[in-house]
file query-v2.txt (compact mmCIF, C-alpha atoms)
# COMPACT_ATOMS: atom_id res chain seq x y z
CA MET R 1492 77.99 -128.20 16.29
CA LEU R 1493 81.60 -128.11 17.58
CA THR R 1494 84.61 -127.38 15.40
CA LEU R 1495 88.18 -127.25 16.67
CA THR R 1496 90.63 -125.66 14.24
CA ASN R 1497 94.40 -125.88 14.77
CA LEU R 1498 93.82 -125.79 18.52
CA THR R 1499 97.08 -125.38 20.45
CA LYS R 1500 97.72 -124.99 24.16
CA ARG R 1501 100.99 -124.05 25.85
CA TYR R 1502 101.71 -123.39 29.52
CA GLY R 1503 104.77 -121.13 29.34
CA TYR R 1504 107.30 -123.02 27.22
CA ARG R 1505 105.60 -126.39 27.76
CA GLN R 1506 103.39 -127.42 24.89
CA VAL R 1507 100.39 -129.48 25.96
CA PHE R 1508 98.92 -130.19 22.52
CA ARG R 1509 99.28 -128.71 19.06
CA ASP R 1510 97.10 -128.29 15.98
CA VAL R 1511 94.10 -130.30 17.14
CA ASN R 1512 91.45 -130.38 14.41
CA CYS R 1513 88.05 -131.95 14.87
CA LYS R 1514 84.45 -131.50 13.72
CA ILE R 1515 81.69 -132.95 15.84
CA GLU R 1516 78.07 -133.11 14.70
CA SER R 1517 75.02 -133.31 16.94
CA GLY R 1518 74.28 -136.82 18.20
CA GLN R 1519 77.91 -137.87 18.65
CA ILE R 1520 79.70 -139.05 21.78
CA ILE R 1521 83.43 -138.47 21.44
CA ALA R 1522 86.12 -140.09 23.60
CA VAL R 1523 89.09 -137.82 24.27
CA THR R 1524 92.03 -140.09 24.98
CA GLY R 1525 95.78 -139.79 25.40
CA ARG R 1526 98.59 -140.41 27.87
CA ASN R 1527 98.68 -138.65 31.24
CA GLY R 1528 99.40 -134.96 30.73
CA ALA R 1529 98.32 -135.05 27.06
CA GLY R 1530 95.84 -132.25 27.75
CA LYS R 1531 92.48 -134.06 27.90
CA SER R 1532 91.17 -132.00 30.86
CA THR R 1533 92.68 -128.83 29.36
CA LEU R 1534 90.86 -129.45 26.08
CA LEU R 1535 87.53 -129.85 27.88
CA ARG R 1536 88.09 -126.60 29.79
CA ILE R 1537 88.96 -124.77 26.56
CA VAL R 1538 85.74 -126.03 24.93
CA ALA R 1539 83.82 -124.91 28.04
CA GLY R 1540 85.36 -121.43 27.69
CA LEU R 1541 87.14 -121.62 31.05
CA LEU R 1542 90.63 -121.54 29.50
CA ARG R 1543 91.92 -119.68 26.46
CA PRO R 1544 93.78 -121.60 23.76
CA SER R 1545 97.30 -120.40 22.89
CA ALA R 1546 96.35 -120.63 19.20
CA GLY R 1547 93.53 -121.91 17.05
CA LYS R 1548 89.77 -121.60 17.27
CA VAL R 1549 86.82 -123.24 18.98
CA LEU R 1550 83.53 -122.80 17.16
CA LEU R 1551 80.57 -123.91 19.25
CA THR R 1552 77.02 -123.28 18.10
CA GLU R 1553 75.50 -123.97 21.53
CA THR R 1554 76.19 -122.16 24.80
CA HIS R 1555 74.36 -124.49 27.17
CA ILE R 1556 77.24 -126.55 28.58
CA GLY R 1557 77.48 -129.09 31.40
CA LEU R 1558 80.87 -130.05 32.81
CA ALA R 1559 81.88 -132.61 35.43
CA ALA R 1560 85.48 -133.11 36.54
CA PRO R 1561 86.91 -135.11 39.47
CA ASP R 1562 89.35 -132.37 40.52
CA ALA R 1563 86.60 -129.76 40.79
CA PRO R 1564 84.71 -130.24 44.05
CA LEU R 1565 81.21 -128.93 44.64
CA TYR R 1566 80.31 -126.67 47.55
CA ARG R 1567 81.55 -128.71 50.50
CA GLU R 1568 79.60 -126.69 53.09
CA LEU R 1569 76.29 -127.24 51.30
CA THR R 1570 74.28 -130.45 51.42
CA VAL R 1571 73.63 -132.60 48.36
CA GLN R 1572 70.16 -131.10 48.01
CA GLU R 1573 71.39 -127.52 48.48
CA ASN R 1574 74.08 -128.00 45.82
CA LEU R 1575 71.44 -129.20 43.35
CA GLN R 1576 69.07 -126.37 44.26
CA PHE R 1577 71.84 -123.80 43.80
CA PHE R 1578 72.69 -124.96 40.28
CA ALA R 1579 69.00 -125.42 39.47
CA LYS R 1580 68.51 -121.72 40.21
CA ALA R 1581 71.35 -120.89 37.81
CA ASN R 1582 69.53 -122.71 35.03
CA ASN R 1583 66.02 -121.95 36.29
CA VAL R 1584 65.31 -125.67 36.01
CA GLU R 1585 63.17 -125.83 39.11
CA ALA R 1586 60.97 -122.93 38.09
CA ALA R 1587 60.60 -124.19 34.53
CA SER R 1588 59.75 -127.62 35.81
CA ARG R 1589 57.11 -126.25 38.21
CA ARG R 1590 55.48 -124.28 35.40
CA LEU R 1591 55.34 -127.39 33.23
CA ILE R 1592 53.78 -129.45 35.99
CA LYS R 1593 51.22 -126.72 36.69
CA ARG R 1594 50.18 -126.69 33.05
CA ARG R 1595 49.89 -130.49 33.21
CA ASP R 1596 51.91 -130.84 30.06
CA ALA R 1597 52.83 -134.35 29.09
CA ILE R 1598 56.34 -134.44 30.47
CA SER R 1599 58.52 -137.35 31.37
CA THR R 1600 60.50 -137.10 34.57
CA LYS R 1601 63.73 -137.36 32.60
CA THR R 1602 63.16 -134.35 30.36
CA ALA R 1603 61.81 -131.94 32.97
CA PRO R 1604 63.70 -132.76 36.15
CA ASP R 1605 62.95 -131.27 39.52
CA ILE R 1606 65.17 -131.79 42.51
CA GLU R 1607 63.23 -134.82 43.79
CA ASN R 1608 63.49 -136.60 40.46
CA VAL R 1609 67.20 -135.86 40.17
CA LEU R 1610 67.89 -137.12 43.69
CA GLU R 1611 65.98 -140.29 42.99
CA ARG R 1612 67.50 -140.91 39.59
CA PHE R 1613 71.07 -140.55 40.86
CA HIS R 1614 70.25 -142.61 43.99
CA LEU R 1615 71.15 -139.59 46.12
CA THR R 1616 67.89 -139.49 48.13
CA PRO R 1617 69.35 -141.17 51.27
CA ARG R 1618 72.29 -138.73 51.21
CA ARG R 1619 70.29 -135.58 50.42
CA HIS R 1620 71.00 -133.90 53.78
CA ASP R 1621 74.70 -134.88 53.91
CA LEU R 1622 77.26 -132.15 53.33
CA ALA R 1623 78.98 -132.55 49.95
CA GLY R 1624 82.34 -132.40 51.77
CA ASP R 1625 81.42 -135.51 53.79
CA LEU R 1626 80.55 -137.66 50.75
CA SER R 1627 82.77 -140.48 49.52
CA SER R 1628 84.42 -140.01 46.13
CA GLY R 1629 81.81 -142.28 44.51
CA TRP R 1630 78.85 -140.29 45.85
CA ARG R 1631 80.58 -137.06 44.94
CA ALA R 1632 81.05 -138.31 41.36
CA ARG R 1633 77.29 -139.02 41.17
CA LEU R 1634 76.50 -135.54 42.47
CA GLN R 1635 78.89 -133.96 39.93
CA LEU R 1636 77.21 -135.95 37.16
CA ALA R 1637 73.80 -134.80 38.41
CA VAL R 1638 74.87 -131.13 38.44
CA ALA R 1639 76.40 -131.43 34.96
CA THR R 1640 73.43 -133.14 33.33
CA PHE R 1641 70.17 -132.22 35.07
CA ALA R 1642 69.63 -129.01 33.10
CA ALA R 1643 69.85 -131.07 29.90
CA PRO R 1644 72.83 -129.24 28.33
CA LYS R 1645 73.39 -129.40 24.58
CA VAL R 1646 77.13 -129.89 25.15
CA LEU R 1647 78.21 -132.31 27.87
CA LEU R 1648 81.87 -132.42 28.91
CA LEU R 1649 82.89 -135.25 31.25
CA ASP R 1650 86.41 -135.60 32.62
CA GLU R 1651 87.13 -139.18 33.76
CA PRO R 1652 83.46 -139.64 34.69
CA ALA R 1653 83.72 -143.34 35.55
CA ALA R 1654 86.85 -143.12 37.71
CA ASN R 1655 85.01 -143.41 41.05
CA LEU R 1656 81.74 -145.01 39.95
CA ASP R 1657 80.55 -148.53 40.80
CA GLU R 1658 78.69 -150.84 38.38
CA ALA R 1659 75.34 -149.11 38.92
CA GLY R 1660 77.05 -145.75 38.45
CA HIS R 1661 78.55 -146.95 35.14
CA ALA R 1662 75.13 -148.03 33.92
CA LEU R 1663 73.67 -144.65 34.88
CA LEU R 1664 76.54 -142.85 33.13
CA TRP R 1665 75.83 -144.64 29.86
CA GLU R 1666 72.12 -144.07 30.21
CA LEU R 1667 72.91 -140.34 30.48
CA LEU R 1668 75.25 -140.45 27.48
CA ASP R 1669 72.63 -142.25 25.37
CA GLU R 1670 70.16 -139.46 26.26
CA GLN R 1671 72.83 -136.89 25.37
CA ARG R 1672 72.97 -138.37 21.84
CA GLN R 1673 69.35 -137.30 21.40
CA ARG R 1674 69.92 -133.65 22.27
CA GLY R 1675 73.52 -132.73 21.44
CA ILE R 1676 77.12 -133.87 21.84
CA ALA R 1677 79.34 -135.21 24.60
CA LEU R 1678 83.12 -135.21 25.01
CA VAL R 1679 84.34 -137.84 27.45
CA ALA R 1680 87.97 -137.59 28.58
CA THR R 1681 89.08 -141.09 29.55
CA ASN R 1682 91.98 -143.51 29.71
CA ASP R 1683 89.66 -146.51 29.96
CA THR R 1684 89.78 -148.33 26.61
CA ARG R 1685 86.44 -150.14 27.19
CA GLU R 1686 84.74 -146.84 27.87
CA ALA R 1687 86.37 -145.23 24.82
CA ALA R 1688 85.24 -148.16 22.67
CA ARG R 1689 81.58 -147.43 23.53
CA CYS R 1690 81.88 -143.87 22.18
CA ASP R 1691 81.15 -143.07 18.53
CA ARG R 1692 84.63 -141.70 17.78
CA ALA R 1693 87.89 -141.06 19.58
CA LEU R 1694 90.01 -137.92 19.57
CA VAL R 1695 93.54 -139.00 20.47
CA LEU R 1696 95.81 -136.29 21.90
CA MET W 492 64.55 -111.11 36.09
CA LYS W 493 66.57 -114.27 35.58
CA MET W 494 69.72 -112.30 36.48
CA LEU W 495 68.19 -111.17 39.81
CA HIS W 496 67.09 -114.72 40.48
CA ALA W 497 70.65 -115.96 39.86
CA ALA W 498 72.12 -113.11 41.98
CA TRP W 499 69.83 -114.09 44.85
CA ALA W 500 71.01 -117.72 44.50
CA VAL W 501 74.67 -116.61 44.81
CA PHE W 502 73.84 -114.42 47.84
CA GLU W 503 71.87 -117.21 49.52
CA LYS W 504 74.59 -119.79 48.82
CA ASP W 505 77.31 -117.51 50.23
CA TRP W 506 75.35 -116.88 53.42
CA ARG W 507 74.49 -120.54 53.91
CA SER W 508 78.14 -121.43 53.42
CA GLU W 509 79.33 -118.58 55.68
CA TRP W 510 76.86 -119.52 58.41
CA ARG W 511 78.24 -123.07 58.50
CA THR W 512 81.95 -122.19 58.44
CA LYS W 513 81.80 -118.68 59.98
CA ALA W 514 85.23 -118.08 58.45
CA GLY W 515 84.80 -114.43 57.44
CA LEU W 516 82.14 -113.39 59.93
CA SER W 517 83.88 -114.64 63.07
CA THR W 518 87.26 -113.16 62.07
CA SER W 519 85.75 -109.74 61.31
CA ILE W 520 83.52 -109.58 64.39
CA LEU W 521 86.28 -110.82 66.68
CA PHE W 522 88.62 -108.08 65.47
CA ALA W 523 85.89 -105.42 65.52
CA VAL W 524 84.88 -106.33 69.09
CA ALA W 525 88.34 -106.99 70.54
CA THR W 526 89.85 -103.70 69.34
CA PRO W 527 87.41 -101.35 71.18
CA ILE W 528 87.86 -103.46 74.32
CA ALA W 529 91.66 -103.09 74.10
CA LEU W 530 91.30 -99.37 73.30
CA SER W 531 88.99 -98.83 76.26
CA PHE W 532 91.72 -99.97 78.66
CA THR W 533 94.33 -97.59 77.23
CA MET W 534 92.02 -94.61 76.79
CA VAL W 535 90.13 -94.93 80.06
CA ARG W 536 91.12 -91.50 81.44
CA GLN W 537 91.54 -89.67 78.17
CA LYS W 538 89.04 -87.41 76.51
CA MET W 539 89.26 -87.96 72.78
CA SER W 540 88.52 -85.29 70.21
CA PRO W 541 85.73 -86.03 67.65
CA GLU W 542 88.38 -86.29 64.90
CA ILE W 543 90.37 -88.95 66.77
CA THR W 544 87.19 -90.85 67.67
CA GLY W 545 86.01 -90.88 64.03
CA GLY W 546 89.46 -91.93 62.82
CA LEU W 547 89.67 -94.73 65.37
CA LEU W 548 86.19 -96.02 64.54
CA TRP W 549 86.91 -96.23 60.82
CA THR W 550 90.35 -97.80 61.42
CA VAL W 551 88.63 -100.57 63.38
CA LEU W 552 85.87 -100.97 60.77
CA LEU W 553 88.23 -100.94 57.77
CA PHE W 554 90.63 -103.58 59.09
CA ALA W 555 87.79 -105.77 60.35
CA ALA W 556 86.17 -105.50 56.90
CA LEU W 557 89.42 -106.30 55.05
CA LEU W 558 89.75 -109.51 57.08
CA GLY W 559 86.31 -110.75 56.04
CA LEU W 560 85.54 -109.25 52.64
CA SER W 561 88.32 -110.94 50.68
CA ARG W 562 86.81 -114.33 51.59
CA ALA W 563 83.91 -113.99 49.14
CA PHE W 564 86.14 -114.77 46.15
CA VAL W 565 89.21 -116.27 47.80
CA LYS W 566 87.26 -119.28 49.09
CA GLU W 567 85.82 -119.92 45.61
CA GLU W 568 89.34 -120.16 44.18
CA GLU W 569 90.73 -122.13 47.13
CA ASN W 570 87.91 -124.69 47.01
CA GLY W 571 88.08 -125.00 43.22
CA THR W 572 84.47 -123.88 42.80
CA ALA W 573 85.21 -120.66 40.91
CA TRP W 574 84.98 -122.41 37.52
CA LEU W 575 81.56 -123.80 38.46
CA LEU W 576 80.35 -120.27 39.11
CA ARG W 577 81.88 -119.04 35.84
CA LEU W 578 80.23 -121.84 33.89
CA HIS W 579 76.75 -121.66 35.39
CA PHE W 580 76.21 -118.00 36.36
CA PRO W 581 76.48 -114.76 34.36
CA ALA W 582 79.14 -112.34 35.62
CA ASP W 583 76.48 -109.70 36.43
CA ALA W 584 74.65 -112.10 38.75
CA ILE W 585 77.88 -113.06 40.55
CA MET W 586 78.79 -109.38 40.94
CA LEU W 587 75.39 -108.47 42.40
CA GLY W 588 75.19 -111.51 44.65
CA LYS W 589 78.71 -111.04 46.03
CA THR W 590 78.21 -107.27 46.53
CA PHE W 591 75.05 -107.85 48.58
CA PHE W 592 76.81 -110.59 50.53
CA ASN W 593 79.72 -108.25 51.34
CA PHE W 594 77.31 -105.46 52.26
CA SER W 595 75.31 -107.65 54.63
CA LEU W 596 78.54 -108.97 56.19
CA LEU W 597 79.61 -105.36 56.88
CA LEU W 598 76.21 -104.49 58.38
CA LEU W 599 76.33 -107.46 60.75
CA MET W 600 79.89 -106.65 61.79
CA GLN W 601 78.94 -103.02 62.48
CA ILE W 602 75.84 -103.94 64.47
CA ALA W 603 78.20 -105.78 66.81
CA ALA W 604 81.11 -103.33 66.76
CA VAL W 605 79.74 -99.76 66.62
CA PRO W 606 77.54 -99.77 69.78
CA LEU W 607 80.35 -101.46 71.70
CA PHE W 608 82.84 -98.86 70.46
CA LEU W 609 80.55 -95.98 71.50
CA ILE W 610 79.85 -97.45 74.94
CA LEU W 611 83.36 -98.62 75.85
CA LEU W 612 85.09 -95.44 74.70
CA ASN W 613 82.36 -93.31 76.26
CA VAL W 614 81.73 -91.40 73.03
CA HIS W 615 79.25 -88.54 73.11
CA LEU W 616 77.12 -89.06 70.00
CA THR W 617 75.29 -85.91 68.94
CA GLN W 618 73.95 -86.97 65.53
CA PRO W 619 72.92 -90.65 65.58
CA VAL W 620 70.90 -90.53 62.36
CA LEU W 621 73.66 -88.78 60.43
CA LEU W 622 76.18 -91.29 61.80
CA LEU W 623 74.00 -94.14 60.49
CA LEU W 624 73.88 -92.44 57.10
CA ALA W 625 77.67 -92.01 57.01
CA LEU W 626 78.20 -95.64 58.02
CA LEU W 627 75.70 -96.84 55.41
CA LEU W 628 77.34 -94.90 52.56
CA GLY W 629 80.77 -96.06 53.74
CA ASP W 630 79.54 -99.67 53.77
CA ILE W 631 78.11 -99.40 50.25
CA GLY W 632 81.44 -98.09 48.94
CA LEU W 633 83.40 -100.77 50.84
CA ALA W 634 81.15 -103.58 49.58
CA ILE W 635 81.27 -102.44 45.94
CA THR W 636 85.02 -101.83 45.92
CA SER W 637 85.86 -105.09 47.68
CA THR W 638 83.76 -107.06 45.16
CA LEU W 639 85.86 -105.81 42.25
CA LEU W 640 89.19 -106.06 44.08
CA GLY W 641 88.30 -109.49 45.51
CA ALA W 642 87.63 -110.80 41.98
CA LEU W 643 90.91 -109.27 40.77
CA ALA W 644 93.00 -110.68 43.63
CA ALA W 645 91.32 -114.10 43.76
CA SER W 646 93.34 -115.69 40.97
CA ALA W 647 96.71 -114.57 42.41
CA ARG W 648 98.77 -116.85 44.65
CA SER W 649 98.94 -114.58 47.73
CA ARG W 650 95.27 -113.68 47.50
CA GLY W 651 94.63 -112.33 51.01
CA ALA W 652 97.75 -110.16 51.11
CA LEU W 653 97.19 -108.83 47.59
CA PHE W 654 93.59 -107.89 48.39
CA ALA W 655 94.64 -105.78 51.39
CA ALA W 656 97.56 -104.25 49.47
CA ILE W 657 95.39 -103.01 46.59
CA ALA W 658 92.32 -102.22 48.68
CA ILE W 659 93.89 -99.68 51.05
CA PRO W 660 95.09 -97.19 48.38
CA VAL W 661 91.83 -97.49 46.41
CA LEU W 662 89.73 -97.03 49.55
CA LEU W 663 91.70 -94.00 50.78
CA PRO W 664 89.19 -91.36 49.44
CA LEU W 665 86.32 -93.31 51.01
CA LEU W 666 88.18 -93.58 54.30
CA VAL W 667 88.99 -89.85 54.44
CA CYS W 668 85.39 -88.80 53.66
CA ALA W 669 83.78 -91.37 55.96
CA THR W 670 86.11 -90.37 58.82
CA THR W 671 85.36 -86.67 58.29
CA ALA W 672 81.60 -87.24 58.20
CA THR W 673 81.71 -89.59 61.21
CA SER W 674 83.82 -87.14 63.25
CA ALA W 675 81.25 -84.40 62.60
CA CYS W 676 78.61 -86.62 64.24
CA PHE W 677 80.62 -86.61 67.49
CA ALA W 678 81.05 -82.80 67.60
CA SER W 679 78.79 -80.61 69.78
CA SER W 680 77.21 -79.08 66.67
CA ILE W 681 77.20 -80.53 63.17
CA ALA W 682 80.32 -79.15 61.55
CA GLY W 683 80.33 -77.68 58.07
CA THR W 684 82.48 -80.60 56.93
CA TYR W 685 79.72 -83.25 57.16
CA TRP W 686 77.72 -82.57 53.98
CA PRO W 687 80.72 -81.89 51.66
CA ALA W 688 82.28 -85.17 52.89
CA MET W 689 78.98 -86.99 52.28
CA GLN W 690 78.74 -85.56 48.76
CA ILE W 691 82.20 -86.89 47.92
CA LEU W 692 81.25 -90.22 49.52
CA ILE W 693 78.16 -90.48 47.30
CA GLY W 694 80.31 -89.59 44.28
CA PHE W 695 82.86 -92.25 45.22
CA ASP W 696 80.15 -94.89 45.62
CA LEU W 697 78.59 -94.06 42.25
CA ALA W 698 81.96 -93.97 40.46
CA MET W 699 82.96 -97.33 41.97
CA ALA W 700 79.58 -98.83 41.08
CA ALA W 701 80.12 -97.77 37.44
CA CYS W 702 83.68 -99.19 37.49
CA VAL W 703 82.49 -102.51 38.91
CA TRP W 704 79.66 -102.72 36.37
CA MET W 705 82.10 -102.22 33.48
CA LEU W 706 85.15 -104.09 34.75
CA PHE W 707 83.84 -107.01 36.78
CA GLY W 708 83.49 -109.33 33.77
CA ILE W 709 87.14 -108.75 32.85
CA ALA W 710 88.37 -109.10 36.45
CA TRP W 711 86.41 -112.31 36.96
CA GLY W 712 87.61 -113.71 33.63
CA SER W 713 84.17 -114.48 32.26
call {"tool": "encode", "arguments": {"input": "query-v2.txt", "output": "structure tokens"}}
result
Amino acid sequence: MLTLTNLTKRYGYRQVFRDVNCKIESGQIIAVTGRNGAGKSTLLRIVAGLLRPSAGKVLLTETHIGLAAPDAPLYRELTVQENLQFFAKANNVEAASRRLIKRRDAISTKTAPDIENVLERFHLTPRRHDLAGDLSSGWRARLQLAVATFAAPKVLLLDEPAANLDEAGHALLWELLDEQRQRGIALVATNDTREAARCDRALVL
Amino acid sequence: MKMLHAAWAVFEKDWRSEWRTKAGLSTSILFAVATPIALSFTMVRQKMSPEITGGLLWTVLLFAALLGLSRAFVKEEENGTAWLLRLHFPADAIMLGKTFFNFSLLLLMQIAAVPLFLILLNVHLTQPVLLLLALLLGDIGLAITSTLLGALAASARSRGALFAAIAIPVLLPLLVCATTATSACFASSIAGTYWPAMQILIGFDLAMAACVWMLFGIAWGS
């Protein structure tokens, strides 16, 4: 599903990582670990197609990607609900979900999410009308996770997802990652050894 | 259909965001309203020729537009949300959404500025419908051009300054034609310069639309 071949990234003369090789099959959760500045976030952005590698190749058979990163804020002037609606329109999740409900197909709330279900699942319902810019870092992390996962992407890229989450948030994160195993792959950039230990494999940079 | 749906989402998001911060709108309208007021004090006893009136009107509109139009992409880069757009939306949808946002911003600014300009400077308008047409075609060209240049300038460090620096030379043909056509609307009879200027303006708009269609993906880095 994802193959990295001799992947190298340099910023000017500074080499971030060199000759990274990895093959990831569907159903695997991979921890991307390494010291600070090793290039974990950079690797995720290269896989997402937001950065170009200096050398090497990324072969990805799926284009439906979800990405959450702590340094990438959402739209601060929009409320929690408006942020979700905006990204739902990008993926047409809301419309698809409405059609499914109309046809009375047997759908679980987790596989065909609408905004209400997503708000409830991520415990964001009480904060739905708050501006994203006014949220605490923990709530913002939940919202970023919701945006990254609610369209059920085949490839999920999470950059330090647990950094600002409480216990309940951790549990939700692993519930999401277990679901991700059923539909594709996930790359989780982390320095937390306990978190890395729960993944299927580790890619050390 | 999905592309239009996504373009509408970008347009709606930009307006919602703009309405709450009023960063681009207030700057543009303030400039576009304050300049005719200042001009009205200095030109109170002077009779201006149609050419000077048309030139002044487009100078006000151009600089007011440059203040607001660069915001559409600059704020995405400044807030760190540009990568979210790149990841979730196709480049065509972003281009369409941002172009319509820029166009509507220009229309709103002109609704506030143009009547005030005409009243305060005591301009004798002979061809109101043709003036509207000239303003509309000028706005379309400005909106299309600023979408491409905004995307190009957004990733640079001095985004605002770079946008203005590259926009003015590119917009020069539009400015000359729009000024010529607008000036003809203030003359006692419609001058023979109006329709040739409008033809070039239509040509400019079409050429820029083709350029944006082909180059936006590269400029936006999708």
call {"tool": "residues_near_point", "arguments": {"input": "query-v2.txt", "point": "(74.9, -109.7, 56.1)", "cutoff": "12 Å", "atoms": "only C-alpha atoms", "output": "short mmCIF file (atom, residue, chain, number, x, y, z; two decimals) with C-alpha atoms, in the coordinates of the input"}}
result
data_model
loop_
_atom_site.label_atom_id
_atom_site.label_comp_id
_atom_site.auth_asym_id
_atom_site.auth_seq_id
_atom_site.Cartn_x
_atom_site.Cartn_y
_atom_site.Cartn_z
CA PHE W 502 73.84 -114.42 47.84
CA GLU W 503 71.87 -117.21 49.52
CA ASP W 505 77.31 -117.51 50.23
CA TRP W 506 75.35 -116.88 53.42
CA ARG W 507 74.49 -120.54 53.91
CA GLU W 509 79.33 -118.58 55.68
CA TRP W 510 76.86 -119.52 58.41
CA LYS W 513 81.80 -118.68 59.98
CA GLY W 515 84.80 -114.43 57.44
CA LEU W 516 82.14 -113.39 59.93
CA ILE W 520 83.52 -109.58 64.39
CA GLY W 559 86.31 -110.75 56.04
CA LEU W 560 85.54 -109.25 52.64
CA GLY W 588 75.19 -111.51 44.65
CA LYS W 589 78.71 -111.04 46.03
CA THR W 590 78.21 -107.27 46.53
CA PHE W 591 75.05 -107.85 48.58
CA PHE W 592 76.81 -110.59 50.53
CA ASN W 593 79.72 -108.25 51.34
CA PHE W 594 77.31 -105.46 52.26
CA SER W 595 75.31 -107.65 54.63
CA LEU W 596 78.54 -108.97 56.19
CA LEU W 597 79.61 -105.36 56.88
CA LEU W 598 76.21 -104.49 58.38
CA LEU W 599 76.33 -107.46 60.75
CA MET W 600 79.89 -106.65 61.79
CA GLN W 601 78.94 -103.02 62.48
CA ILE W 602 75.84 -103.94 64.47
CA ALA W 603 78.20 -105.78 66.81
CA ASP W 630 79.54 -99.67 53.77
CA ALA W 634 81.15 -103.58 49.58
#
call {"tool": "interface_residues", "arguments": {"input": "query-v2.txt", "of": "chain W", "to": "chain R", "cutoff": "6 Å", "atoms": "only C-alpha atoms", "output": "PyMOL selection string"}}
result
chain W and resi 497+508+571+579-580
call {"tool": "closest_residue", "arguments": {"input": "query-v2.txt", "among": "W:Met494, W:Ala710, W:Ala563, W:Leu627", "to": "Met689 of chain W", "atoms": "all atoms listed in the file"}}
result
W:Leu627
call {"tool": "closest_residue", "arguments": {"input": "query-v2.txt", "among": "W:Asn613, W:Ser674, W:Thr572, W:Ser637", "to": "Leu547 of chain W", "atoms": "all atoms listed in the file"}}
result
W:Ser674
call {"tool": "atom_distance", "arguments": {"input": "query-v2.txt", "atom1": "atom CA of Val1538 of chain R", "atom2": "atom CA of Thr1570 of chain R"}}
result
29.2 Å
call {"tool": "atom_distance", "arguments": {"input": "query-v2.txt", "atom1": "atom CA of Asn1655 of chain R", "atom2": "atom CA of Ala1623 of chain R"}}
result
15.3 Å
call {"tool": "axis_aligned_box", "arguments": {"input": "query-v2.txt", "around": "segment 1555-1558 of chain R", "padding_each_side": "4 Å", "output": "lines of an AutoDock Vina configuration file"}}
result
center_x = 77.6
center_y = -127.3
center_z = 30.0
size_x = 14.5
size_y = 13.6
size_z = 13.6
call {"tool": "atom_distance", "arguments": {"input": "query-v2.txt", "atom1": "atom CA of Asp1669 of chain R", "atom2": "atom CA of Gly1525 of chain R"}}
result
23.3 Å
call {"tool": "closest_residue", "arguments": {"input": "query-v2.txt", "among": "W:Phe554, W:Trp686, W:Trp499, W:Trp704", "to": "Ala625 of chain W", "atoms": "all atoms listed in the file"}}
result
W:Trp686
call {"tool": "closest_residue", "arguments": {"input": "query-v2.txt", "among": "W:Thr533, W:Gln618, W:Thr638, W:Ser561", "to": "Phe677 of chain W", "atoms": "all atoms listed in the file"}}
result
W:Gln618
call {"tool": "decode", "arguments": {"input": "query-v2.txt", "residues": "segment 613-638 of chain W", "atoms": "C-alpha atoms", "output": "PDB file, in the first residue's frame"}}
result
ATOM      1  CA  ASN W 613     -19.460  66.204  -8.404  1.00  0.00           C
ATOM      2  CA  VAL W 614     -18.898  64.024 -11.468  1.00  0.00           C
ATOM      3  CA  HIS W 615     -21.308  64.363 -14.368  1.00  0.00           C
ATOM      4  CA  LEU W 616     -22.105  60.773 -15.345  1.00  0.00           C
ATOM      5  CA  THR W 617     -23.498  60.500 -18.867  1.00  0.00           C
ATOM      6  CA  GLN W 618     -23.434  56.718 -19.372  1.00  0.00           C
ATOM      7  CA  PRO W 619     -24.292  54.917 -16.108  1.00  0.00           C
ATOM      8  CA  VAL W 620     -24.965  51.522 -17.707  1.00  0.00           C
ATOM      9  CA  LEU W 621     -21.736  51.585 -19.706  1.00  0.00           C
ATOM     10  CA  LEU W 622     -19.837  52.625 -16.568  1.00  0.00           C
ATOM     11  CA  LEU W 623     -21.279  49.597 -14.735  1.00  0.00           C
ATOM     12  CA  LEU W 624     -20.173  47.369 -17.605  1.00  0.00           C
ATOM     13  CA  ALA W 625     -16.643  48.809 -17.562  1.00  0.00           C
ATOM     14  CA  LEU W 626     -16.414  48.396 -13.779  1.00  0.00           C
ATOM     15  CA  LEU W 627     -17.723  44.819 -14.000  1.00  0.00           C
ATOM     16  CA  LEU W 628     -15.196  43.774 -16.657  1.00  0.00           C
ATOM     17  CA  GLY W 629     -12.421  45.520 -14.720  1.00  0.00           C
ATOM     18  CA  ASP W 630     -13.459  43.664 -11.559  1.00  0.00           C
ATOM     19  CA  ILE W 631     -13.478  40.290 -13.329  1.00  0.00           C
ATOM     20  CA  GLY W 632      -9.937  40.894 -14.610  1.00  0.00           C
ATOM     21  CA  LEU W 633      -8.755  42.110 -11.188  1.00  0.00           C
ATOM     22  CA  ALA W 634     -10.284  39.123  -9.381  1.00  0.00           C
ATOM     23  CA  ILE W 635      -8.845  36.548 -11.805  1.00  0.00           C
ATOM     24  CA  THR W 636      -5.378  38.103 -11.903  1.00  0.00           C
ATOM     25  CA  SER W 637      -5.166  38.579  -8.142  1.00  0.00           C
ATOM     26  CA  THR W 638      -6.106  34.920  -7.562  1.00  0.00           C
TER      27      THR W 638
END
